[in-house]
file entry01.pdb (PDB, C-alpha atoms, pLDDT in the B column)
ATOM      1  CA  MET A   1       0.000   0.000   0.000  1.00 51.00           C
ATOM      2  CA  ASP A   2       1.407   3.337  -1.015  1.00 54.00           C
ATOM      3  CA  LEU A   3       1.015   5.929   1.689  1.00 54.00           C
ATOM      4  CA  SER A   4       2.712   8.738  -0.196  1.00 60.00           C
ATOM      5  CA  PHE A   5       0.642  11.768  -1.004  1.00 57.00           C
ATOM      6  CA  ASN A   6       1.299  14.023  -3.874  1.00 61.00           C
ATOM      7  CA  VAL A   7       0.781  17.693  -3.130  1.00 59.00           C
ATOM      8  CA  GLU A   8      -0.150  18.457  -6.709  1.00 63.00           C
ATOM      9  CA  ASP A   9      -3.071  16.058  -6.542  1.00 58.00           C
ATOM     10  CA  VAL A  10      -4.368  17.877  -3.579  1.00 53.00           C
ATOM     11  CA  LEU A  11      -3.948  21.292  -5.237  1.00 56.00           C
ATOM     12  CA  ARG A  12      -5.931  20.258  -8.272  1.00 59.00           C
ATOM     13  CA  LEU A  13      -9.208  20.972  -6.752  1.00 53.00           C
ATOM     14  CA  PRO A  14     -12.069  22.292  -8.839  1.00 54.00           C
ATOM     15  CA  ASN A  15     -11.953  26.066  -9.330  1.00 54.00           C
ATOM     16  CA  SER A  16     -15.459  26.599  -8.109  1.00 51.00           C
ATOM     17  CA  SER A  17     -15.715  28.122  -4.770  1.00 53.00           C
ATOM     18  CA  VAL A  18     -11.999  28.309  -4.230  1.00 52.00           C
ATOM     19  CA  LYS A  19     -12.406  30.987  -1.652  1.00 59.00           C
ATOM     20  CA  ASP A  20     -14.773  28.871   0.397  1.00 61.00           C
ATOM     21  CA  LYS A  21     -12.453  26.034   0.248  1.00 65.00           C
ATOM     22  CA  GLU A  22      -9.252  27.949   0.988  1.00 70.00           C
ATOM     23  CA  PRO A  23      -9.426  27.559   4.760  1.00 75.00           C
ATOM     24  CA  LYS A  24     -10.333  23.960   4.192  1.00 85.00           C
ATOM     25  CA  ILE A  25      -7.308  23.568   1.914  1.00 84.00           C
ATOM     26  CA  LYS A  26      -4.989  25.022   4.535  1.00 87.00           C
ATOM     27  CA  THR A  27      -6.366  22.636   7.057  1.00 89.00           C
ATOM     28  CA  LEU A  28      -5.964  19.766   4.650  1.00 88.00           C
ATOM     29  CA  LEU A  29      -2.397  20.840   3.855  1.00 89.00           C
ATOM     30  CA  ASN A  30      -1.587  21.006   7.553  1.00 91.00           C
ATOM     31  CA  GLU A  31      -3.164  17.643   7.989  1.00 91.00           C
ATOM     32  CA  LEU A  32      -1.175  16.370   5.007  1.00 92.00           C
ATOM     33  CA  LYS A  33       2.096  17.613   6.490  1.00 94.00           C
ATOM     34  CA  THR A  34       1.225  15.974   9.776  1.00 94.00           C
ATOM     35  CA  LEU A  35       0.411  12.710   8.010  1.00 94.00           C
ATOM     36  CA  GLN A  36       3.641  12.857   5.996  1.00 94.00           C
ATOM     37  CA  GLN A  37       5.615  13.400   9.193  1.00 95.00           C
ATOM     38  CA  ALA A  38       3.726  10.525  10.823  1.00 95.00           C
ATOM     39  CA  LYS A  39       4.471   8.411   7.750  1.00 95.00           C
ATOM     40  CA  LEU A  40       8.186   9.186   8.087  1.00 95.00           C
ATOM     41  CA  VAL A  41       8.077   8.323  11.789  1.00 95.00           C
ATOM     42  CA  LEU A  42       6.208   5.091  11.030  1.00 95.00           C
ATOM     43  CA  GLU A  43       8.659   4.182   8.250  1.00 95.00           C
ATOM     44  CA  GLU A  44      11.528   4.769  10.692  1.00 95.00           C
ATOM     45  CA  GLU A  45       9.775   2.652  13.311  1.00 95.00           C
ATOM     46  CA  VAL A  46       9.182  -0.105  10.726  1.00 96.00           C
ATOM     47  CA  LYS A  47      12.882  -0.024   9.810  1.00 96.00           C
ATOM     48  CA  GLU A  48      13.769  -0.260  13.511  1.00 95.00           C
ATOM     49  CA  ALA A  49      11.261  -3.121  13.974  1.00 96.00           C
ATOM     50  CA  VAL A  50      12.689  -4.990  10.966  1.00 96.00           C
ATOM     51  CA  PHE A  51      16.214  -4.414  12.276  1.00 96.00           C
ATOM     52  CA  PHE A  52      15.118  -5.517  15.755  1.00 95.00           C
ATOM     53  CA  GLN A  53      13.403  -8.589  14.256  1.00 95.00           C
ATOM     54  CA  SER A  54      16.582  -9.424  12.330  1.00 95.00           C
ATOM     55  CA  THR A  55      18.660  -8.961  15.473  1.00 96.00           C
ATOM     56  CA  LEU A  56      16.269 -11.177  17.450  1.00 95.00           C
ATOM     57  CA  HIS A  57      16.395 -13.801  14.708  1.00 95.00           C
ATOM     58  CA  ASN A  58      20.222 -13.738  14.775  1.00 96.00           C
ATOM     59  CA  GLU A  59      20.218 -13.975  18.564  1.00 95.00           C
ATOM     60  CA  GLU A  60      17.725 -16.856  18.421  1.00 95.00           C
ATOM     61  CA  TYR A  61      19.961 -18.649  15.908  1.00 95.00           C
ATOM     62  CA  ALA A  62      23.038 -18.044  18.090  1.00 96.00           C
ATOM     63  CA  LEU A  63      21.166 -19.214  21.199  1.00 96.00           C
ATOM     64  CA  SER A  64      19.902 -22.269  19.333  1.00 96.00           C
ATOM     65  CA  ASN A  65      23.486 -23.133  18.337  1.00 96.00           C
ATOM     66  CA  GLU A  66      24.661 -22.582  21.900  1.00 95.00           C
ATOM     67  CA  VAL A  67      21.845 -24.818  23.219  1.00 96.00           C
ATOM     68  CA  SER A  68      22.912 -27.539  20.761  1.00 96.00           C
ATOM     69  CA  LYS A  69      26.526 -27.253  21.871  1.00 96.00           C
ATOM     70  CA  LEU A  70      25.527 -27.286  25.542  1.00 96.00           C
ATOM     71  CA  GLN A  71      23.303 -30.351  25.009  1.00 96.00           C
ATOM     72  CA  GLU A  72      26.165 -32.112  23.234  1.00 95.00           C
ATOM     73  CA  SER A  73      28.549 -31.139  26.030  1.00 96.00           C
ATOM     74  CA  LEU A  74      26.013 -32.332  28.610  1.00 96.00           C
ATOM     75  CA  TYR A  75      25.679 -35.675  26.817  1.00 96.00           C
ATOM     76  CA  GLU A  76      29.469 -36.102  26.715  1.00 96.00           C
ATOM     77  CA  LYS A  77      29.782 -35.179  30.388  1.00 96.00           C
ATOM     78  CA  GLU A  78      27.012 -37.599  31.334  1.00 96.00           C
ATOM     79  CA  GLU A  79      28.820 -40.354  29.410  1.00 96.00           C
ATOM     80  CA  THR A  80      32.089 -39.433  31.131  1.00 96.00           C
ATOM     81  CA  TYR A  81      30.292 -39.410  34.476  1.00 96.00           C
ATOM     82  CA  ARG A  82      28.862 -42.896  33.851  1.00 96.00           C
ATOM     83  CA  ALA A  83      32.269 -44.202  32.792  1.00 96.00           C
ATOM     84  CA  LEU A  84      33.935 -42.662  35.853  1.00 95.00           C
ATOM     85  CA  GLN A  85      31.210 -44.021  38.105  1.00 95.00           C
ATOM     86  CA  LEU A  86      31.746 -47.549  36.739  1.00 95.00           C
ATOM     87  CA  LYS A  87      35.499 -47.145  37.101  1.00 95.00           C
ATOM     88  CA  CYS A  88      35.017 -45.890  40.657  1.00 95.00           C
ATOM     89  CA  GLU A  89      32.845 -48.904  41.500  1.00 95.00           C
ATOM     90  CA  ASP A  90      35.475 -51.230  40.010  1.00 95.00           C
ATOM     91  CA  THR A  91      38.196 -49.440  41.967  1.00 95.00           C
ATOM     92  CA  VAL A  92      36.191 -49.748  45.192  1.00 95.00           C
ATOM     93  CA  LYS A  93      35.658 -53.474  44.565  1.00 95.00           C
ATOM     94  CA  GLU A  94      39.343 -53.970  43.761  1.00 95.00           C
ATOM     95  CA  SER A  95      40.321 -51.966  46.825  1.00 95.00           C
ATOM     96  CA  GLN A  96      38.023 -54.085  49.003  1.00 95.00           C
ATOM     97  CA  THR A  97      39.493 -57.266  47.536  1.00 96.00           C
ATOM     98  CA  GLN A  98      43.039 -56.036  48.122  1.00 95.00           C
ATOM     99  CA  PHE A  99      42.113 -55.001  51.662  1.00 95.00           C
ATOM    100  CA  GLU A 100      40.731 -58.470  52.358  1.00 95.00           C
ATOM    101  CA  LEU A 101      43.844 -60.094  50.860  1.00 95.00           C
ATOM    102  CA  LYS A 102      46.027 -57.819  52.955  1.00 94.00           C
ATOM    103  CA  GLN A 103      44.105 -58.805  56.079  1.00 94.00           C
ATOM    104  CA  GLN A 104      44.502 -62.488  55.206  1.00 94.00           C
ATOM    105  CA  LYS A 105      48.228 -61.989  54.638  1.00 94.00           C
ATOM    106  CA  GLU A 106      48.561 -60.136  57.931  1.00 94.00           C
ATOM    107  CA  GLU A 107      46.724 -62.943  59.709  1.00 94.00           C
ATOM    108  CA  LEU A 108      49.022 -65.509  58.071  1.00 94.00           C
ATOM    109  CA  VAL A 109      52.092 -63.451  58.956  1.00 94.00           C
ATOM    110  CA  GLU A 110      50.863 -63.217  62.555  1.00 94.00           C
ATOM    111  CA  GLN A 111      50.185 -66.957  62.623  1.00 94.00           C
ATOM    112  CA  TYR A 112      53.608 -67.768  61.131  1.00 94.00           C
ATOM    113  CA  SER A 113      55.289 -65.339  63.523  1.00 94.00           C
ATOM    114  CA  PHE A 114      53.601 -67.121  66.414  1.00 94.00           C
ATOM    115  CA  GLN A 115      54.725 -70.500  65.043  1.00 94.00           C
ATOM    116  CA  ILE A 116      58.265 -69.179  64.560  1.00 95.00           C
ATOM    117  CA  GLN A 117      58.302 -67.893  68.146  1.00 94.00           C
ATOM    118  CA  GLU A 118      57.044 -71.266  69.383  1.00 94.00           C
ATOM    119  CA  THR A 119      59.718 -73.040  67.349  1.00 95.00           C
ATOM    120  CA  LYS A 120      62.408 -70.676  68.621  1.00 94.00           C
ATOM    121  CA  LEU A 121      61.254 -71.260  72.195  1.00 94.00           C
ATOM    122  CA  ARG A 122      61.231 -75.036  71.660  1.00 94.00           C
ATOM    123  CA  HIS A 123      64.727 -74.899  70.136  1.00 93.00           C
ATOM    124  CA  ARG A 124      65.901 -72.725  72.998  1.00 93.00           C
ATOM    125  CA  LYS A 125      64.556 -75.235  75.528  1.00 93.00           C
ATOM    126  CA  ILE A 126      66.223 -78.068  73.598  1.00 93.00           C
ATOM    127  CA  ARG A 127      69.470 -76.092  73.386  1.00 92.00           C
ATOM    128  CA  MET A 128      69.356 -75.323  77.124  1.00 93.00           C
ATOM    129  CA  LYS A 129      68.634 -78.987  77.874  1.00 92.00           C
ATOM    130  CA  PHE A 130      71.498 -79.982  75.590  1.00 91.00           C
ATOM    131  CA  GLU A 131      73.828 -77.426  77.218  1.00 91.00           C
ATOM    132  CA  ASN A 132      72.859 -78.711  80.678  1.00 93.00           C
ATOM    133  CA  HIS A 133      73.405 -82.299  79.571  1.00 91.00           C
ATOM    134  CA  LEU A 134      76.726 -81.337  77.950  1.00 89.00           C
ATOM    135  CA  GLN A 135      77.748 -79.553  81.137  1.00 91.00           C
ATOM    136  CA  GLN A 136      76.891 -82.676  83.145  1.00 90.00           C
ATOM    137  CA  LEU A 137      78.874 -84.833  80.722  1.00 87.00           C
ATOM    138  CA  ILE A 138      81.835 -82.451  80.958  1.00 88.00           C
ATOM    139  CA  LEU A 139      81.654 -82.637  84.751  1.00 87.00           C
ATOM    140  CA  GLN A 140      81.412 -86.445  84.641  1.00 84.00           C
ATOM    141  CA  HIS A 141      84.321 -86.566  82.244  1.00 82.00           C
ATOM    142  CA  LYS A 142      86.364 -84.364  84.568  1.00 80.00           C
ATOM    143  CA  SER A 143      85.522 -86.561  87.542  1.00 79.00           C
ATOM    144  CA  LEU A 144      86.371 -89.678  85.510  1.00 74.00           C
ATOM    145  CA  CYS A 145      89.626 -88.081  84.488  1.00 72.00           C
ATOM    146  CA  THR A 146      90.478 -87.473  88.119  1.00 71.00           C
ATOM    147  CA  ILE A 147      89.459 -91.007  89.085  1.00 69.00           C
ATOM    148  CA  PHE A 148      91.249 -92.749  86.237  1.00 67.00           C
ATOM    149  CA  THR A 149      94.503 -90.939  86.037  1.00 71.00           C
ATOM    150  CA  SER A 150      97.592 -92.599  84.673  1.00 73.00           C
ATOM    151  CA  GLU A 151      98.879 -93.046  88.211  1.00 75.00           C
ATOM    152  CA  THR A 152      95.724 -94.745  89.548  1.00 76.00           C
ATOM    153  CA  LEU A 153      94.828 -96.695  86.421  1.00 76.00           C
ATOM    154  CA  PRO A 154      96.994 -99.816  87.241  1.00 81.00           C
ATOM    155  CA  THR A 155      95.493 -99.922  90.751  1.00 83.00           C
ATOM    156  CA  GLU A 156      91.945 -99.617  89.319  1.00 80.00           C
ATOM    157  CA  ALA A 157      92.626-102.347  86.788  1.00 83.00           C
ATOM    158  CA  GLN A 158      93.862-104.646  89.560  1.00 88.00           C
ATOM    159  CA  THR A 159      90.786-103.821  91.653  1.00 88.00           C
ATOM    160  CA  ALA A 160      88.515-104.601  88.714  1.00 87.00           C
ATOM    161  CA  GLU A 161      90.319-107.879  88.128  1.00 91.00           C
ATOM    162  CA  TYR A 162      90.076-108.798  91.771  1.00 91.00           C
ATOM    163  CA  THR A 163      86.350-107.946  91.787  1.00 90.00           C
ATOM    164  CA  GLY A 164      85.850-110.048  88.659  1.00 89.00           C
ATOM    165  CA  LYS A 165      87.532-113.030  90.351  1.00 90.00           C
ATOM    166  CA  GLN A 166      85.426-112.567  93.463  1.00 90.00           C
ATOM    167  CA  LEU A 167      82.286-112.563  91.368  1.00 88.00           C
ATOM    168  CA  LEU A 168      83.353-115.731  89.615  1.00 88.00           C
ATOM    169  CA  LYS A 169      83.839-117.388  92.920  1.00 88.00           C
ATOM    170  CA  ALA A 170      80.427-116.309  94.042  1.00 86.00           C
ATOM    171  CA  GLY A 171      78.911-117.974  90.964  1.00 77.00           C
ATOM    172  CA  ARG A 172      78.490-115.029  88.785  1.00 56.00           C
ATOM    173  CA  THR A 173      80.119-114.355  85.477  1.00 51.00           C
ATOM    174  CA  PRO A 174      81.845-111.066  84.657  1.00 49.00           C
ATOM    175  CA  GLU A 175      79.225-110.437  81.925  1.00 52.00           C
ATOM    176  CA  ALA A 176      76.484-110.419  84.511  1.00 46.00           C
ATOM    177  CA  GLY A 177      78.445-107.911  86.575  1.00 46.00           C
ATOM    178  CA  ALA A 178      79.134-105.621  83.626  1.00 48.00           C
ATOM    179  CA  GLY A 179      76.485-103.167  84.846  1.00 49.00           C
ATOM    180  CA  ILE A 180      78.295-102.757  88.191  1.00 48.00           C
ATOM    181  CA  THR A 181      80.192 -99.527  88.459  1.00 49.00           C
ATOM    182  CA  VAL A 182      83.719 -99.754  89.712  1.00 46.00           C
ATOM    183  CA  THR A 183      84.419 -97.190  92.353  1.00 48.00           C
ATOM    184  CA  ARG A 184      87.737 -96.166  93.648  1.00 46.00           C
ATOM    185  CA  GLY A 185      88.750 -98.096  96.664  1.00 43.00           C
ATOM    186  CA  ALA A 186      90.705 -96.885  99.636  1.00 40.00           C
ATOM    187  CA  GLU A 187      94.202 -96.049  98.632  1.00 38.00           C
TER     188      GLU A 187
END
call {"tool": "encode", "arguments": {"input": "entry01.pdb", "output": "structure tokens"}}
result
Amino acid sequence: MDLSFNVEDVLRLPNSSVKDKEPKIKTLLNELKTLQQAKLVLEEEVKEAVFFQSTLHNEEYALSNEVSKLQESLYEKEETYRALQLKCEDTVKESQTQFELKQQKEELVEQYSFQIQETKLRHRKIRMKFENHLQQLILQHKSLCTIFTSETLPTEAQTAEYTGKQLLKAGRTPEAGAGITVTRGAE
């Protein structure tokens, strides 16, 4: 629709009663000027509205792209979250298994340590018993060495021979008296 007015069209009024119509013409011209100014204002507002609409459309497009990117990012992050959650669950299970194995190992180590201590104590008792027995044997050996010295050995041999003869006379054989200990007689 063409809103432009041509001034010449308005001025081409019929010549009859021009004087009567002169104030009316001035009013119409004033009205025409007002309408032309309003038209210019409206055209400017339409241009601004079109520009604003274009700007809004561009912003909508940009926001739509941003929403798409954010949705894609959200999807990727959700996938990453799920993967990390599964990995975390696996890690917790593995950690629990390792903790249980560690406890079992500690229990075995404690049990073996106890057994080792028992064995050490048993060996110590055996060693002490052996040392005591060895000490007794050393003492017996020393006392035998003092009893059977090279000086007293011929006398002891004679005493043993004499005792053997006495036993034979009594009806016993020397084999039967082998368990009898020969003691040192009065010198």
call {"tool": "atom_distance", "arguments": {"input": "entry01.pdb", "atom1": "CA of Glu161 in chain A", "atom2": "CA of Gln136 in chain A"}}
result
29.0 Å
call {"tool": "atom_distance", "arguments": {"input": "entry01.pdb", "atom1": "CA of Ser113 in chain A", "atom2": "CA of Phe99 in chain A"}}
result
20.5 Å
call {"tool": "atom_distance", "arguments": {"input": "entry01.pdb", "atom1": "CA of Asp90 in chain A", "atom2": "CA of Tyr75 in chain A"}}
result
22.6 Å
call {"tool": "axis_aligned_box", "arguments": {"input": "entry01.pdb", "around": "range 99-106 of chain A", "padding_each_side": "3 Å", "output": "JSON"}}
result
{"center_x": 44.6, "center_y": -58.7, "center_z": 54.4, "size_x": 13.8, "size_y": 13.5, "size_z": 13.1}
call {"tool": "decode", "arguments": {"input": "entry01.pdb", "residues": "range 151-163 of chain A", "atoms": "all heavy atoms", "output": "CSV table (one decimal), in the first residue's frame"}}
result
chain,number,residue,atom,x,y,z
A,151,GLU,N,98.3,-92.5,87.0
A,151,GLU,CA,98.9,-93.0,88.2
A,151,GLU,C,98.0,-94.1,88.9
A,151,GLU,O,98.5,-95.1,89.5
A,151,GLU,CB,99.2,-91.9,89.2
A,151,GLU,CG,100.2,-90.9,88.7
A,151,GLU,CD,99.7,-89.5,88.8
A,151,GLU,OE1,98.7,-89.2,89.5
A,151,GLU,OE2,100.3,-88.6,88.2
A,152,THR,N,96.6,-93.8,88.8
A,152,THR,CA,95.7,-94.7,89.5
A,152,THR,C,95.2,-95.8,88.7
A,152,THR,O,94.5,-96.8,89.1
A,152,THR,CB,94.5,-94.0,90.1
A,152,THR,OG1,93.8,-93.3,89.1
A,152,THR,CG2,95.0,-93.0,91.2
A,153,LEU,N,95.4,-95.7,87.4
A,153,LEU,CA,94.8,-96.7,86.4
A,153,LEU,C,95.3,-98.1,86.7
A,153,LEU,O,94.5,-99.0,86.7
A,153,LEU,CB,95.2,-96.3,85.0
A,153,LEU,CG,94.4,-97.0,83.9
A,153,LEU,CD1,92.9,-96.8,84.1
A,153,LEU,CD2,94.8,-96.5,82.5
A,154,PRO,N,96.6,-98.4,87.0
A,154,PRO,CA,97.0,-99.8,87.2
A,154,PRO,C,96.3,-100.3,88.5
A,154,PRO,O,95.9,-101.5,88.5
A,154,PRO,CB,98.5,-99.7,87.4
A,154,PRO,CG,98.9,-98.5,86.8
A,154,PRO,CD,97.8,-97.6,86.8
A,155,THR,N,96.1,-99.5,89.5
A,155,THR,CA,95.5,-99.9,90.8
A,155,THR,C,94.0,-100.2,90.5
A,155,THR,O,93.5,-101.2,91.0
A,155,THR,CB,95.6,-98.8,91.8
A,155,THR,OG1,96.9,-98.3,91.9
A,155,THR,CG2,95.2,-99.3,93.2
A,156,GLU,N,93.3,-99.4,89.6
A,156,GLU,CA,91.9,-99.6,89.3
A,156,GLU,C,91.8,-100.9,88.5
A,156,GLU,O,90.8,-101.6,88.7
A,156,GLU,CB,91.4,-98.4,88.5
A,156,GLU,CG,91.2,-97.2,89.3
A,156,GLU,CD,90.2,-97.3,90.4
A,156,GLU,OE1,89.2,-98.0,90.2
A,156,GLU,OE2,90.3,-96.7,91.5
A,157,ALA,N,92.7,-101.1,87.6
A,157,ALA,CA,92.6,-102.3,86.8
A,157,ALA,C,92.8,-103.6,87.7
A,157,ALA,O,92.1,-104.6,87.5
A,157,ALA,CB,93.7,-102.3,85.7
A,158,GLN,N,93.7,-103.5,88.6
A,158,GLN,CA,93.9,-104.6,89.6
A,158,GLN,C,92.6,-104.8,90.4
A,158,GLN,O,92.2,-106.0,90.6
A,158,GLN,CB,95.1,-104.4,90.5
A,158,GLN,CG,96.4,-104.6,89.8
A,158,GLN,CD,97.6,-104.2,90.7
A,158,GLN,OE1,97.4,-103.8,91.8
A,158,GLN,NE2,98.8,-104.4,90.2
A,159,THR,N,92.0,-103.7,90.8
A,159,THR,CA,90.8,-103.8,91.7
A,159,THR,C,89.7,-104.4,90.8
A,159,THR,O,88.9,-105.3,91.3
A,159,THR,CB,90.4,-102.4,92.1
A,159,THR,OG1,91.4,-101.8,92.8
A,159,THR,CG2,89.2,-102.5,93.1
A,160,ALA,N,89.6,-104.1,89.6
A,160,ALA,CA,88.5,-104.6,88.7
A,160,ALA,C,88.8,-106.1,88.5
A,160,ALA,O,87.8,-106.9,88.5
A,160,ALA,CB,88.5,-103.8,87.4
A,161,GLU,N,90.0,-106.5,88.3
A,161,GLU,CA,90.3,-107.9,88.1
A,161,GLU,C,90.0,-108.7,89.4
A,161,GLU,O,89.4,-109.8,89.3
A,161,GLU,CB,91.8,-108.0,87.8
A,161,GLU,CG,92.1,-108.9,86.7
A,161,GLU,CD,93.6,-108.9,86.5
A,161,GLU,OE1,94.1,-108.0,85.8
A,161,GLU,OE2,94.3,-109.9,86.9
A,162,TYR,N,90.3,-108.1,90.5
A,162,TYR,CA,90.1,-108.8,91.8
A,162,TYR,C,88.6,-109.0,92.0
A,162,TYR,O,88.1,-110.0,92.3
A,162,TYR,CB,90.7,-108.0,92.9
A,162,TYR,CG,90.4,-108.6,94.3
A,162,TYR,CD1,91.0,-109.8,94.7
A,162,TYR,CD2,89.4,-108.0,95.1
A,162,TYR,CE1,90.7,-110.3,95.9
A,162,TYR,CE2,89.1,-108.5,96.3
A,162,TYR,CZ,89.7,-109.7,96.7
A,162,TYR,OH,89.4,-110.2,98.0
A,163,THR,N,87.8,-107.9,91.6
A,163,THR,CA,86.3,-107.9,91.8
A,163,THR,C,85.8,-109.0,90.8
A,163,THR,O,84.9,-109.7,91.2
A,163,THR,CB,85.7,-106.6,91.5
A,163,THR,OG1,86.4,-105.6,92.3
A,163,THR,CG2,84.2,-106.5,91.7
